[in-house]
Amino acid sequence: MEKLMALRAGMAEVNCQAYMIPSSDAHSSEYVAPRDCRRAWISGFTGSAGTAVVTTDEAALWTDGRYYLQAEAQLAATGAGWLLMRDGEAETPKVEEWLEDVLAPGSCVGVDPFLYSHDDFRKLRKALKQAGHTLTPVARNLVDPIWTDQPPVPDAPAFVLAPQFCGRSSLDKVA
């Protein structure tokens, strides 16, 4: 509950009535570094796919059928009253549909713009605009300042894969 209260305080500072936390990182990696597991930290749900949405009054998590049982147990264990949205089931609203129902008209929905592709951001902005809301890119991820024991940024050196693993050398690819 303390995590949600702290996040909501951050939302109030940027004048947003909702904040979305996807599973992704700034590179759209399939596997994210522990530092980038913001959705898992805020919700307690550790599955690899899902989106958390926190409003001033509610918190909901969308995930697919692979994770329904896991999400149900992990969300309940937080004691914070998370709603499980079973993505892919006919009765489950899309995030923007749910936000239209729970937010007052003209509300601000904040996101970390580095965690969304340009195309996904545009689609979400359009859907929220049609619902009477504004999608707002927040300059600093609102989870980071409240995650006091957040793991450090990975600092392992980059390395080049041999052509046998990627088809061509990196020099050929940029030539």
# chains A, B, ... in the order shown; residues from 1 in each chain; ligands from 1
>>> closest_atom_pairs(of="segment 76-169 of chain A", to="segment 3-8 of chain A", cutoff="9 Å", atoms="only C-alpha atoms", output="tab-separated table")
residue	atom	partner	partner_atom	distance
A:Ala80	CA	A:Leu4	CA	7.9
A:Leu142	CA	A:Leu7	CA	6.6
A:Val143	CA	A:Leu7	CA	6.5
A:Ile146	CA	A:Ala6	CA	6.5
A:Trp147	CA	A:Lys3	CA	8.3
>>> write_last_selection(atoms="all heavy atoms", output="CSV table (one decimal), in the first residue's frame")
chain,number,residue,atom,x,y,z
A,80,ALA,N,-2.8,-4.7,-1.4
A,80,ALA,CA,-3.1,-3.3,-1.8
A,80,ALA,C,-4.3,-3.2,-2.7
A,80,ALA,O,-4.6,-2.1,-3.2
A,80,ALA,CB,-1.8,-2.8,-2.6
A,142,LEU,N,8.1,7.9,-12.7
A,142,LEU,CA,7.6,8.1,-11.4
A,142,LEU,C,7.9,7.0,-10.4
A,142,LEU,O,7.8,7.2,-9.2
A,142,LEU,CB,6.1,8.4,-11.4
A,142,LEU,CG,5.6,9.7,-12.1
A,142,LEU,CD1,4.1,9.9,-12.0
A,142,LEU,CD2,6.4,10.9,-11.7
A,143,VAL,N,8.2,5.8,-10.9
A,143,VAL,CA,8.6,4.7,-10.0
A,143,VAL,C,10.0,4.9,-9.4
A,143,VAL,O,10.3,4.6,-8.2
A,143,VAL,CB,8.4,3.4,-10.7
A,143,VAL,CG1,8.9,2.2,-9.8
A,143,VAL,CG2,6.9,3.2,-11.0
A,146,ILE,N,10.8,6.5,-5.9
A,146,ILE,CA,10.2,5.8,-4.7
A,146,ILE,C,10.8,4.4,-4.5
A,146,ILE,O,10.6,3.8,-3.5
A,146,ILE,CB,8.7,5.8,-4.8
A,146,ILE,CG1,8.2,5.0,-6.0
A,146,ILE,CG2,8.1,7.2,-4.8
A,146,ILE,CD1,6.7,4.8,-6.0
A,147,TRP,N,11.5,3.9,-5.5
A,147,TRP,CA,12.1,2.6,-5.4
A,147,TRP,C,13.5,2.8,-4.8
A,147,TRP,O,14.5,2.9,-5.5
A,147,TRP,CB,12.2,1.9,-6.8
A,147,TRP,CG,12.6,0.5,-6.8
A,147,TRP,CD1,12.9,-0.3,-5.8
A,147,TRP,CD2,12.7,-0.3,-8.0
A,147,TRP,NE1,13.2,-1.6,-6.2
A,147,TRP,CE2,13.1,-1.6,-7.6
A,147,TRP,CE3,12.5,-0.1,-9.4
A,147,TRP,CZ2,13.3,-2.7,-8.5
A,147,TRP,CZ3,12.7,-1.1,-10.3
A,147,TRP,CH2,13.1,-2.4,-9.8
>>> residues_around(residues="Asp57 of chain A", least_positions_apart="6", cutoff="12 Å", atoms="only C-alpha atoms", output="PyMOL selection string")
chain A and resi 1+4-5+7-8+11+17-19+80-83+99+102-104
>>> select_by_dssp(residues="segment 34-112 of chain A", states="strand (DSSP E or B)", output="list in words")
Thr51, Ala52, Val53, Val54, Thr55, Ala59, Ala60, Leu61, Trp62, Thr63, Leu83, Leu84, Met85, Arg86, Cys108, Val109, Gly110 and Val111 of chain A
>>> closest_residue(among="A:Thr55, A:Thr63, A:Gln150, A:Gln74", to="Ser43 of chain A", atoms="only C-alpha atoms")
A:Gln74
>>> select_by_dssp(residues="segment 29-158 of chain A", states="helix (DSSP H, G or I)", output="number ranges by chain")
A: 34-36, 38-43, 65-78, 95-102, 113-115, 118-130, 144-146
>>> write_last_selection(atoms="C-alpha atoms", output="mmCIF file, in the first residue's frame")
data_model
loop_
_atom_site.group_PDB
_atom_site.id
_atom_site.type_symbol
_atom_site.label_atom_id
_atom_site.label_comp_id
_atom_site.auth_asym_id
_atom_site.auth_seq_id
_atom_site.Cartn_x
_atom_site.Cartn_y
_atom_site.Cartn_z
ATOM 1 C CA PRO A 34 16.409 -6.002 -12.753
ATOM 2 C CA ARG A 35 16.605 -2.192 -12.566
ATOM 3 C CA ASP A 36 13.890 -1.917 -15.206
ATOM 4 C CA ARG A 38 9.285 -1.338 -12.367
ATOM 5 C CA ARG A 39 5.940 -2.998 -13.035
ATOM 6 C CA ALA A 40 7.006 -6.015 -10.971
ATOM 7 C CA TRP A 41 8.211 -3.808 -8.120
ATOM 8 C CA ILE A 42 5.098 -1.645 -7.896
ATOM 9 C CA SER A 43 2.573 -4.483 -8.284
ATOM 10 C CA GLY A 65 -3.669 -16.161 -19.865
ATOM 11 C CA ARG A 66 -0.206 -17.559 -19.179
ATOM 12 C CA TYR A 67 -0.140 -15.588 -15.942
ATOM 13 C CA TYR A 68 -3.686 -15.410 -14.542
ATOM 14 C CA LEU A 69 -3.047 -17.730 -11.586
ATOM 15 C CA GLN A 70 0.366 -16.262 -10.785
ATOM 16 C CA ALA A 71 -0.911 -12.691 -11.033
ATOM 17 C CA GLU A 72 -3.945 -13.427 -8.892
ATOM 18 C CA ALA A 73 -1.771 -14.832 -6.098
ATOM 19 C CA GLN A 74 0.962 -12.190 -6.290
ATOM 20 C CA LEU A 75 -1.433 -9.238 -6.466
ATOM 21 C CA ALA A 76 -3.425 -10.577 -3.510
ATOM 22 C CA ALA A 77 -0.229 -11.024 -1.499
ATOM 23 C CA THR A 78 0.462 -7.262 -1.667
ATOM 24 C CA VAL A 95 -6.646 -0.143 -20.675
ATOM 25 C CA GLU A 96 -8.010 2.963 -22.384
ATOM 26 C CA GLU A 97 -11.619 1.707 -22.036
ATOM 27 C CA TRP A 98 -11.117 1.105 -18.316
ATOM 28 C CA LEU A 99 -9.548 4.538 -17.900
ATOM 29 C CA GLU A 100 -12.525 6.104 -19.675
ATOM 30 C CA ASP A 101 -14.805 4.460 -17.094
ATOM 31 C CA VAL A 102 -12.818 5.269 -13.947
ATOM 32 C CA PRO A 113 7.788 8.032 -22.915
ATOM 33 C CA PHE A 114 11.000 6.001 -23.106
ATOM 34 C CA LEU A 115 9.074 2.797 -22.373
ATOM 35 C CA HIS A 118 6.442 5.853 -31.077
ATOM 36 C CA ASP A 119 3.646 3.855 -32.706
ATOM 37 C CA ASP A 120 2.275 2.528 -29.387
ATOM 38 C CA PHE A 121 2.411 6.028 -27.883
ATOM 39 C CA ARG A 122 0.502 7.501 -30.850
ATOM 40 C CA LYS A 123 -2.198 4.792 -30.696
ATOM 41 C CA LEU A 124 -2.630 5.195 -26.961
ATOM 42 C CA ARG A 125 -2.706 8.998 -27.217
ATOM 43 C CA LYS A 126 -5.394 8.803 -29.922
ATOM 44 C CA ALA A 127 -7.545 6.350 -27.933
ATOM 45 C CA LEU A 128 -7.285 8.413 -24.760
ATOM 46 C CA LYS A 129 -8.039 11.629 -26.648
ATOM 47 C CA GLN A 130 -11.206 10.039 -28.047
ATOM 48 C CA ASP A 144 12.324 5.406 -9.851
ATOM 49 C CA PRO A 145 12.355 8.013 -7.035
ATOM 50 C CA ILE A 146 10.235 5.829 -4.731
#
